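**Student:** Sharing structure.txt here; it has compact mmCIF, C-alpha atoms.
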```txt
# COMPACT_ATOMS: atom_id res chain seq x y z
CA MET D 19 -141.27 161.61 16.73
CA PRO D 20 -139.77 159.25 14.10
CA GLY D 21 -137.75 156.17 15.05
CA PHE D 22 -133.97 156.26 15.38
CA ARG D 23 -133.23 155.19 11.80
CA GLN D 24 -135.57 157.75 10.31
CA LEU D 25 -134.30 160.46 12.67
CA LYS D 26 -130.72 159.61 11.74
CA LYS D 27 -131.60 159.87 8.05
CA THR D 28 -133.31 163.21 8.66
CA ILE D 29 -130.33 164.61 10.56
CA LEU D 30 -127.95 163.38 7.87
CA GLY D 31 -129.97 165.39 5.37
CA TYR D 32 -129.64 168.48 7.54
CA LEU D 33 -125.89 167.99 7.97
CA SER D 34 -125.51 167.57 4.21
CA ASP D 35 -127.53 170.69 3.36
CA LYS D 36 -125.62 173.04 1.07
CA ASN D 37 -126.92 175.85 3.28
CA ALA D 38 -125.13 175.07 6.55
CA ASP D 39 -127.07 177.63 8.59
CA ARG D 40 -130.38 176.18 7.47
CA GLY D 41 -129.38 172.61 8.23
CA LEU D 42 -127.94 173.40 11.64
CA ALA D 43 -130.98 175.50 12.57
CA ALA D 44 -133.23 172.55 11.69
CA ILE D 45 -131.24 170.27 13.99
CA ARG D 46 -131.58 172.75 16.85
CA ARG D 47 -135.34 172.58 16.50
CA LEU D 48 -135.30 168.85 17.25
CA PRO D 49 -135.55 167.60 20.85
CA GLY D 50 -131.95 167.72 22.09
CA LYS D 51 -131.99 164.34 23.79
CA LYS D 52 -133.22 162.72 20.57
CA ALA D 53 -130.60 164.41 18.39
CA VAL D 54 -127.56 163.50 20.50
CA ASN D 55 -127.16 159.81 19.59
CA PRO D 56 -127.43 160.33 15.82
CA LEU D 57 -124.93 163.17 16.08
CA PHE D 58 -122.48 160.94 17.94
CA SER D 59 -122.73 158.41 15.13
CA PHE D 60 -121.83 161.05 12.55
CA PHE D 61 -118.53 161.78 14.31
CA TYR D 62 -117.36 158.68 12.41
CA ASN D 63 -118.86 159.53 9.03
CA ARG D 64 -116.61 159.25 5.98
CA ASP D 65 -117.88 162.54 4.59
CA GLU D 66 -115.68 165.25 6.08
CA ARG D 67 -118.40 167.87 5.83
CA VAL D 68 -120.91 165.68 7.66
CA ARG D 69 -118.37 164.74 10.30
CA TRP D 70 -117.40 168.31 11.11
CA ARG D 71 -120.90 169.74 10.95
CA SER D 72 -121.99 167.08 13.44
CA VAL D 73 -119.42 168.58 15.81
CA THR D 74 -120.92 172.05 15.34
CA ALA D 75 -124.43 170.69 15.73
CA MET D 76 -123.51 168.82 18.91
CA GLY D 77 -122.09 172.02 20.38
CA MET D 78 -125.27 173.91 19.55
CA VAL D 79 -127.53 171.19 20.95
CA LEU D 80 -125.56 170.87 24.20
CA ALA D 81 -125.36 174.63 24.68
CA ASP D 82 -129.14 174.79 24.37
CA MET D 83 -129.49 171.89 26.82
CA ALA D 84 -127.14 173.63 29.24
CA LEU D 85 -129.55 176.55 29.37
CA ASN D 86 -132.67 174.46 29.89
CA THR D 87 -131.63 171.11 31.38
CA PRO D 88 -127.99 171.52 32.47
CA GLU D 89 -127.72 168.07 34.04
CA SER D 90 -128.61 166.52 30.68
CA ALA D 91 -125.78 168.48 29.08
CA ARG D 92 -123.40 167.33 31.80
CA ILE D 93 -124.30 163.71 31.12
CA ILE D 94 -123.32 164.11 27.45
CA MET D 95 -120.10 165.95 28.34
CA ARG D 96 -119.19 163.08 30.66
CA ARG D 97 -119.97 160.65 27.86
CA MET D 98 -117.48 162.42 25.60
CA ILE D 99 -114.88 162.33 28.37
CA TRP D 100 -115.51 158.60 28.75
CA ASN D 101 -115.05 158.14 24.99
CA LEU D 102 -111.54 159.57 25.39
CA ASN D 103 -110.73 157.23 28.28
CA ASP D 104 -108.57 154.21 27.46
CA GLU D 105 -111.02 152.04 29.35
CA SER D 106 -113.82 152.92 26.91
CA GLY D 107 -112.34 150.58 24.33
CA GLY D 108 -112.78 153.17 21.57
CA ILE D 109 -110.78 156.08 20.18
CA GLY D 110 -113.17 158.96 20.76
CA TRP D 111 -113.17 160.56 17.33
CA GLY D 112 -114.97 163.89 17.41
CA SER D 113 -115.31 164.10 21.16
CA PRO D 114 -112.58 166.67 21.92
CA GLU D 115 -113.76 168.84 19.05
CA ALA D 116 -117.35 168.66 20.29
CA MET D 117 -116.23 169.46 23.82
CA GLY D 118 -114.46 172.57 22.58
CA GLU D 119 -117.45 173.58 20.45
CA THR D 120 -119.86 173.12 23.35
CA MET D 121 -117.72 175.13 25.75
CA ALA D 122 -117.27 177.92 23.20
CA ARG D 123 -121.07 178.23 23.14
CA SER D 124 -121.87 177.59 26.81
CA ARG D 125 -120.27 179.50 29.67
CA LEU D 126 -121.60 176.97 32.16
CA MET D 127 -120.06 173.99 30.36
CA ALA D 128 -116.83 175.91 29.86
CA ASP D 129 -116.47 176.75 33.53
CA GLU D 130 -117.14 173.15 34.54
CA TYR D 131 -115.20 171.21 31.91
CA HIS D 132 -112.44 173.31 30.35
CA HIS D 133 -109.86 171.74 32.66
CA MET D 134 -110.70 168.31 31.24
CA LEU D 135 -110.05 169.38 27.66
CA LEU D 136 -106.77 171.01 28.66
CA SER D 137 -105.73 167.91 30.61
CA TYR D 138 -105.39 166.03 27.31
CA ILE D 139 -102.19 167.96 26.51
CA MET D 140 -100.79 167.76 30.05
CA PRO D 141 -97.98 165.18 30.43
CA ASP D 142 -99.03 164.65 34.05
CA GLY D 143 -102.75 164.79 33.25
CA ASN D 144 -104.91 162.76 30.87
CA PHE D 145 -102.41 163.07 28.03
CA ILE D 146 -103.69 161.77 24.68
CA GLU D 147 -100.97 159.80 22.90
CA HIS D 148 -102.84 159.00 19.68
CA GLU D 149 -101.41 161.53 17.22
CA SER D 150 -104.47 161.85 15.01
CA LEU D 151 -106.69 162.28 18.05
CA GLN D 152 -104.31 164.99 19.23
CA HIS D 153 -105.43 166.98 16.17
CA GLY D 154 -108.96 166.95 17.53
CA VAL D 155 -107.78 168.00 20.99
CA LEU D 156 -105.80 170.90 19.53
CA TRP D 157 -108.74 172.01 17.39
CA GLY D 158 -111.05 171.89 20.42
CA ILE D 159 -108.60 173.97 22.44
CA ALA D 160 -108.31 176.48 19.58
CA ARG D 161 -112.10 176.75 19.46
CA LEU D 162 -112.28 177.37 23.20
CA ALA D 163 -109.36 179.81 23.16
CA GLN D 164 -110.92 181.95 20.45
CA ALA D 165 -114.20 182.16 22.36
CA ARG D 166 -112.95 182.23 25.97
CA PRO D 167 -109.22 182.99 25.93
CA GLU D 168 -108.95 183.40 29.70
CA LEU D 169 -109.76 179.71 30.23
CA VAL D 170 -106.88 178.49 28.07
CA GLU D 171 -104.11 180.96 28.95
CA SER D 172 -102.56 178.85 31.72
CA ALA D 173 -102.12 175.89 29.36
CA VAL D 174 -100.44 177.75 26.48
CA PRO D 175 -96.88 176.71 27.51
CA LEU D 176 -98.00 173.09 27.05
CA LEU D 177 -98.42 173.78 23.33
CA TYR D 178 -94.67 174.17 22.85
CA PRO D 179 -93.95 170.52 21.90
CA TYR D 180 -96.71 170.66 19.28
CA LEU D 181 -95.29 173.88 17.83
CA LYS D 182 -91.95 172.08 17.41
CA ALA D 183 -93.47 168.84 16.08
CA ASP D 184 -92.68 167.40 12.65
CA ASP D 185 -96.39 167.10 11.87
CA PRO D 186 -97.54 170.31 10.11
CA MET D 187 -101.08 169.87 11.47
CA HIS D 188 -99.74 169.78 15.02
CA GLN D 189 -97.78 172.95 14.33
CA GLY D 190 -100.66 174.78 12.69
CA LEU D 191 -103.33 173.88 15.22
CA ALA D 192 -101.05 174.66 18.17
CA ALA D 193 -100.02 177.98 16.60
CA TRP D 194 -103.70 178.80 16.04
CA THR D 195 -104.06 178.95 19.81
CA ALA D 196 -100.61 180.08 20.93
CA GLY D 197 -100.69 183.00 18.49
CA LEU D 198 -103.48 184.55 20.54
CA TYR D 199 -101.29 184.93 23.63
CA ASP D 200 -98.15 186.64 24.87
CA CYS D 201 -96.41 183.59 26.30
CA PRO D 202 -92.63 183.60 26.86
CA LYS D 203 -92.46 179.84 26.33
CA THR D 204 -94.05 179.94 22.89
CA ASN D 205 -93.58 183.48 21.53
CA ASP D 206 -90.35 182.88 19.59
CA THR D 207 -91.56 179.65 18.04
CA VAL D 208 -94.87 181.18 17.01
CA ALA D 209 -93.03 184.15 15.50
CA GLY D 210 -90.96 181.74 13.42
CA LEU D 211 -94.06 179.97 12.18
CA LYS D 212 -95.71 183.19 11.02
CA ASN D 213 -93.74 182.94 7.78
CA SER D 214 -94.58 179.32 7.13
CA PRO D 215 -96.18 178.80 3.68
CA VAL D 216 -97.35 175.25 4.49
CA VAL D 217 -101.03 174.96 3.58
CA LEU D 218 -103.45 173.07 5.82
CA SER D 219 -107.15 172.25 5.56
CA VAL D 220 -108.94 173.41 8.70
CA TYR D 221 -112.56 173.54 9.77
CA THR D 222 -113.76 177.05 10.57
CA GLY D 223 -117.30 176.45 11.75
CA GLN D 224 -119.31 175.44 8.69
CA SER D 225 -116.83 174.31 6.07
CA MET D 226 -113.25 173.27 5.47
CA GLU D 227 -110.96 176.13 4.54
CA THR D 228 -107.34 176.28 3.44
CA ALA D 229 -104.92 178.33 5.51
CA THR D 230 -101.17 178.45 5.85
CA ILE D 231 -99.51 177.75 9.16
CA GLY D 232 -98.37 181.36 8.99
CA GLU D 233 -101.96 182.59 8.76
CA LEU D 234 -103.00 180.44 11.70
CA ALA D 235 -100.05 181.64 13.79
CA SER D 236 -100.87 185.25 12.90
CA SER D 237 -104.51 184.84 13.97
CA ARG D 238 -105.81 185.58 10.49
CA CYS D 239 -108.21 182.63 10.51
CA PHE D 240 -111.00 182.16 13.05
CA ILE D 241 -113.64 179.58 13.89
CA THR D 242 -117.16 180.99 13.80
```
Take the structure from the file and write it as structure tokens.
**Tutor:**
Amino acid sequence: MPGFRQLKKTILGYLSDKNADRGLAAIRRLPGKKAVNPLFSFFYNRDERVRWRSVTAMGMVLADMALNTPESARIIMRRMIWNLNDESGGIGWGSPEAMGETMARSRLMADEYHHMLLSYIMPDGNFIEHESLQHGVLWGIARLAQARPELVESAVPLLYPYLKADDPMHQGLAAWTAGLYDCPKTNDTVAGLKNSPVVLSVYTGQSMETATIGELASSRCFIT
């Protein structure tokens, strides 16, 4: 197995592959424990495509680990949770997205950790105050909601402040989830957003796509 620098270079090549499926499949063939640290480093990459594909790749790798060595997957999930803790000294870019991606792919990880992801929008929980990081939390929740809607349903009322926010990305990402549910707290606001022509750039699994807030609220755009 190559050293860390060479492995990181190899994984960067896979993440940059024009054929996303091919690159991600190649990463999955690597030993999971070896791939994790390079993938963490790419959460901070300046290239948006690399950054987001590293999230997808991390979810794939951890889902595979959850099947074969679940305790190893738990260790990485706890590491992402630590990255989002104030005491970590960092910001935790990419961690909430990767948590959502992992749980969308692994029932075991979803059952054990969905409450942690949802706690980041709970005022009396582990509320994330950093507005840009909130985007990642909301994307992770949308990813989980589209794959396992029953695990997110109880938290949908907590999306209301984001639906009413001035930040269009907050509105769009929150509506992406809330639009999937019949929730008295959010129904009227989501209905109002369904006509919004504001265009956002959102990641849908392999690439960045443009979608209006209205399309997100109407569930016409999905993460695959």
**Student:** Report the distance between atom CA of Met134 of chain D and atom CA of Gln152 of chain D in Å, rounded to one decimal place.
**Tutor:**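 Atom-to-atom, atom CA of Met134 of chain D and atom CA of Gln152 of chain D are spaced 14.0 Å apart.
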**Student:** Box for segment 67-86 of chain D - axis-aligned, 6 Å on each of the six sides, all listed atoms - centre and size in Å to one decimal, as AutoDock Vina command-line options.
**Tutor:**
```
--center_x -125.0 --center_y 170.6 --center_z 17.9 --size_x 27.3 --size_y 23.8 --size_z 36.1
```
**Student:** Which residues come within 10 Å of Met117 of chain D, counting all atoms listed in the file, excluding same-chain residues fewer than 5 positions away, as a VMD selection string?
**Tutor:** chain D and resid 73 76 to 77 80 94 to 96 98 to 99 112 122 127 to 128 131 to 132 134 to 135 154 to 155 158 to 159 161 to 162
**Student:** Rank D:Leu48, D:Leu234, D:Ile109, D:Val220 by their smallest atom-to-atom distance to Asp82 of chain D, using all atoms listed in the file, and report the top residue only.
**Tutor:** D:Leu48
**Student:** Show which residues sit within 9 Å of Ala53 of chain D, as a list of chain:residue names. Count all atoms listed in the file, and ignore same-chain residues fewer than 6 positions away.
**Tutor:**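 With the cut-off at 9 Å, the set is D:Leu25, D:Lys26, D:Ile29, D:Ile45, D:Arg46, D:Met76, D:Val79.
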**Student:** Env of Arg23 of chain D: 12 Å cut, atoms = only C-alpha atoms, seq-sep filter 4 positions within chain, self excluded. Answer as JSON, numbers by chain.
**Tutor:** {"D": [19, 27, 28, 29, 30, 52, 53, 55, 56, 59]}
**Student:** Do you know which residues lie at most 7 Å from (-116.7, 170.1, 12.7), with coordinates as in the file and only C-alpha atoms counted, and could you write them as a PyMOL selection string?
**Tutor:** chain D and resi 69-74+221+223
**Student:** Env of Asp200 of chain D: 12 Å cut, atoms = all atoms listed in the file, seq-sep filter 3 positions within chain, self excluded. Answer as a PyMOL selection string.
**Tutor:** chain D and resi 167+171-172+174-175+195-197+203-209
**Student:** Could you state the separation of atom CA of Asn103 of chain D and atom CA of His188 of chain D in Å, given to one decimal place?
**Tutor:**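 For atom CA of Asn103 of chain D relative to atom CA of His188 of chain D, the distance reads 21.3 Å.
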**Student:** Restricting the calculation to all atoms listed in the file, which member of D:Lys51, D:Lys212, D:Arg64, D:Arg40 is positioned closest to Thr87 of chain D?
**Tutor:** D:Lys51
**Student:** Taking only C-alpha atoms into account, name the residue in D:Ile241, D:Ala116, D:Leu176, D:Leu198 that is nearest to Phe58 of chain D.
**Tutor:**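 Closest to Phe58 of chain D, using only C-alpha atoms: D:Ala116.
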**Student:** In Å, rounded to a single decimal, give me how far atom CA of Met121 of chain D is from atom CA of Gly50 of chain D.
**Tutor:** 16.5 Å
**Student:** Restricting the calculation to all atoms listed in the file, which member of D:Lys36, D:Asp104, D:Ile93, D:Ile231 is positioned closest to Glu147 of chain D?
**Tutor:** D:Asp104
**Student:** In terms of the shortest atom-to-atom distance over only C-alpha atoms, which of D:Glu115, D:Ala91, D:Cys201, D:Gly110 is closest to Tyr62 of chain D?
**Tutor:**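 Checking each candidate against Tyr62 of chain D, we get D:Gly110 as the closest.
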**Student:** Between D:Met83, D:Val68, D:Met140, D:Leu169, single out the one closest to Asp35 of chain D, counting all atoms listed in the file.
**Tutor:**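 Among D:Met83, D:Val68, D:Met140, D:Leu169, it is D:Val68 that comes nearest to Asp35 of chain D.
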**Student:** Could segment 140-167 of chain D be completed with N, CA and C atoms and returned as a PDB file, in the coordinates of the input?
**Tutor:**
```
ATOM      1  N   MET D 140    -101.636 167.685  28.866  1.00  0.00           N
ATOM      2  CA  MET D 140    -100.790 167.760  30.050  1.00  0.00           C
ATOM      3  C   MET D 140    -100.062 166.431  30.256  1.00  0.00           C
ATOM      4  N   PRO D 141     -98.727 166.428  30.236  1.00  0.00           N
ATOM      5  CA  PRO D 141     -97.980 165.180  30.430  1.00  0.00           C
ATOM      6  C   PRO D 141     -98.327 164.477  31.736  1.00  0.00           C
ATOM      7  N   ASP D 142     -98.674 165.250  32.769  1.00  0.00           N
ATOM      8  CA  ASP D 142     -99.030 164.650  34.050  1.00  0.00           C
ATOM      9  C   ASP D 142    -100.548 164.632  34.261  1.00  0.00           C
ATOM     10  N   GLY D 143    -101.289 164.810  33.175  1.00  0.00           N
ATOM     11  CA  GLY D 143    -102.750 164.790  33.250  1.00  0.00           C
ATOM     12  C   GLY D 143    -103.303 163.590  32.505  1.00  0.00           C
ATOM     13  N   ASN D 144    -104.290 163.833  31.660  1.00  0.00           N
ATOM     14  CA  ASN D 144    -104.910 162.760  30.870  1.00  0.00           C
ATOM     15  C   ASN D 144    -104.383 162.788  29.442  1.00  0.00           C
ATOM     16  N   PHE D 145    -103.068 162.861  29.316  1.00  0.00           N
ATOM     17  CA  PHE D 145    -102.410 163.070  28.030  1.00  0.00           C
ATOM     18  C   PHE D 145    -102.875 162.076  26.977  1.00  0.00           C
ATOM     19  N   ILE D 146    -103.266 162.599  25.807  1.00  0.00           N
ATOM     20  CA  ILE D 146    -103.690 161.770  24.680  1.00  0.00           C
ATOM     21  C   ILE D 146    -102.461 161.463  23.827  1.00  0.00           C
ATOM     22  N   GLU D 147    -102.155 160.193  23.656  1.00  0.00           N
ATOM     23  CA  GLU D 147    -100.970 159.800  22.900  1.00  0.00           C
ATOM     24  C   GLU D 147    -101.252 159.568  21.420  1.00  0.00           C
ATOM     25  N   HIS D 148    -102.485 159.262  21.067  1.00  0.00           N
ATOM     26  CA  HIS D 148    -102.840 159.000  19.680  1.00  0.00           C
ATOM     27  C   HIS D 148    -102.680 160.283  18.876  1.00  0.00           C
ATOM     28  N   GLU D 149    -101.760 160.281  17.902  1.00  0.00           N
ATOM     29  CA  GLU D 149    -101.410 161.530  17.220  1.00  0.00           C
ATOM     30  C   GLU D 149    -102.565 162.134  16.441  1.00  0.00           C
ATOM     31  N   SER D 150    -103.339 161.298  15.769  1.00  0.00           N
ATOM     32  CA  SER D 150    -104.470 161.850  15.010  1.00  0.00           C
ATOM     33  C   SER D 150    -105.528 162.414  15.942  1.00  0.00           C
ATOM     34  N   LEU D 151    -105.733 161.774  17.077  1.00  0.00           N
ATOM     35  CA  LEU D 151    -106.690 162.280  18.050  1.00  0.00           C
ATOM     36  C   LEU D 151    -106.189 163.582  18.668  1.00  0.00           C
ATOM     37  N   GLN D 152    -104.885 163.745  18.742  1.00  0.00           N
ATOM     38  CA  GLN D 152    -104.310 164.990  19.230  1.00  0.00           C
ATOM     39  C   GLN D 152    -104.760 166.171  18.356  1.00  0.00           C
ATOM     40  N   HIS D 153    -104.936 165.918  17.055  1.00  0.00           N
ATOM     41  CA  HIS D 153    -105.430 166.980  16.170  1.00  0.00           C
ATOM     42  C   HIS D 153    -106.775 167.495  16.650  1.00  0.00           C
ATOM     43  N   GLY D 154    -107.645 166.561  17.039  1.00  0.00           N
ATOM     44  CA  GLY D 154    -108.960 166.950  17.530  1.00  0.00           C
ATOM     45  C   GLY D 154    -108.882 167.716  18.830  1.00  0.00           C
ATOM     46  N   VAL D 155    -107.980 167.293  19.717  1.00  0.00           N
ATOM     47  CA  VAL D 155    -107.780 168.000  20.990  1.00  0.00           C
ATOM     48  C   VAL D 155    -107.316 169.428  20.719  1.00  0.00           C
ATOM     49  N   LEU D 156    -106.342 169.570  19.820  1.00  0.00           N
ATOM     50  CA  LEU D 156    -105.800 170.900  19.530  1.00  0.00           C
ATOM     51  C   LEU D 156    -106.845 171.787  18.859  1.00  0.00           C
ATOM     52  N   TRP D 157    -107.673 171.202  17.988  1.00  0.00           N
ATOM     53  CA  TRP D 157    -108.740 172.010  17.390  1.00  0.00           C
ATOM     54  C   TRP D 157    -109.739 172.451  18.456  1.00  0.00           C
ATOM     55  N   GLY D 158    -110.116 171.541  19.356  1.00  0.00           N
ATOM     56  CA  GLY D 158    -111.050 171.890  20.420  1.00  0.00           C
ATOM     57  C   GLY D 158    -110.511 172.992  21.313  1.00  0.00           C
ATOM     58  N   ILE D 159    -109.222 172.928  21.608  1.00  0.00           N
ATOM     59  CA  ILE D 159    -108.600 173.970  22.440  1.00  0.00           C
ATOM     60  C   ILE D 159    -108.584 175.295  21.688  1.00  0.00           C
ATOM     61  N   ALA D 160    -108.297 175.252  20.382  1.00  0.00           N
ATOM     62  CA  ALA D 160    -108.310 176.480  19.580  1.00  0.00           C
ATOM     63  C   ALA D 160    -109.707 177.103  19.577  1.00  0.00           C
ATOM     64  N   ARG D 161    -110.712 176.265  19.458  1.00  0.00           N
ATOM     65  CA  ARG D 161    -112.100 176.750  19.460  1.00  0.00           C
ATOM     66  C   ARG D 161    -112.430 177.432  20.784  1.00  0.00           C
ATOM     67  N   LEU D 162    -112.026 176.801  21.883  1.00  0.00           N
ATOM     68  CA  LEU D 162    -112.280 177.370  23.200  1.00  0.00           C
ATOM     69  C   LEU D 162    -111.469 178.646  23.401  1.00  0.00           C
ATOM     70  N   ALA D 163    -110.226 178.643  22.966  1.00  0.00           N
ATOM     71  CA  ALA D 163    -109.360 179.810  23.160  1.00  0.00           C
ATOM     72  C   ALA D 163    -109.881 181.028  22.416  1.00  0.00           C
ATOM     73  N   GLN D 164    -110.418 180.816  21.213  1.00  0.00           N
ATOM     74  CA  GLN D 164    -110.920 181.950  20.450  1.00  0.00           C
ATOM     75  C   GLN D 164    -112.187 182.536  21.071  1.00  0.00           C
ATOM     76  N   ALA D 165    -112.955 181.689  21.748  1.00  0.00           N
ATOM     77  CA  ALA D 165    -114.200 182.160  22.360  1.00  0.00           C
ATOM     78  C   ALA D 165    -114.007 182.638  23.792  1.00  0.00           C
ATOM     79  N   ARG D 166    -113.143 181.932  24.538  1.00  0.00           N
ATOM     80  CA  ARG D 166    -112.950 182.230  25.970  1.00  0.00           C
ATOM     81  C   ARG D 166    -111.463 182.129  26.305  1.00  0.00           C
ATOM     82  N   PRO D 167    -110.678 183.075  25.812  1.00  0.00           N
ATOM     83  CA  PRO D 167    -109.220 182.990  25.930  1.00  0.00           C
ATOM     84  C   PRO D 167    -108.698 182.870  27.354  1.00  0.00           C
TER      85      PRO D 167
END
```
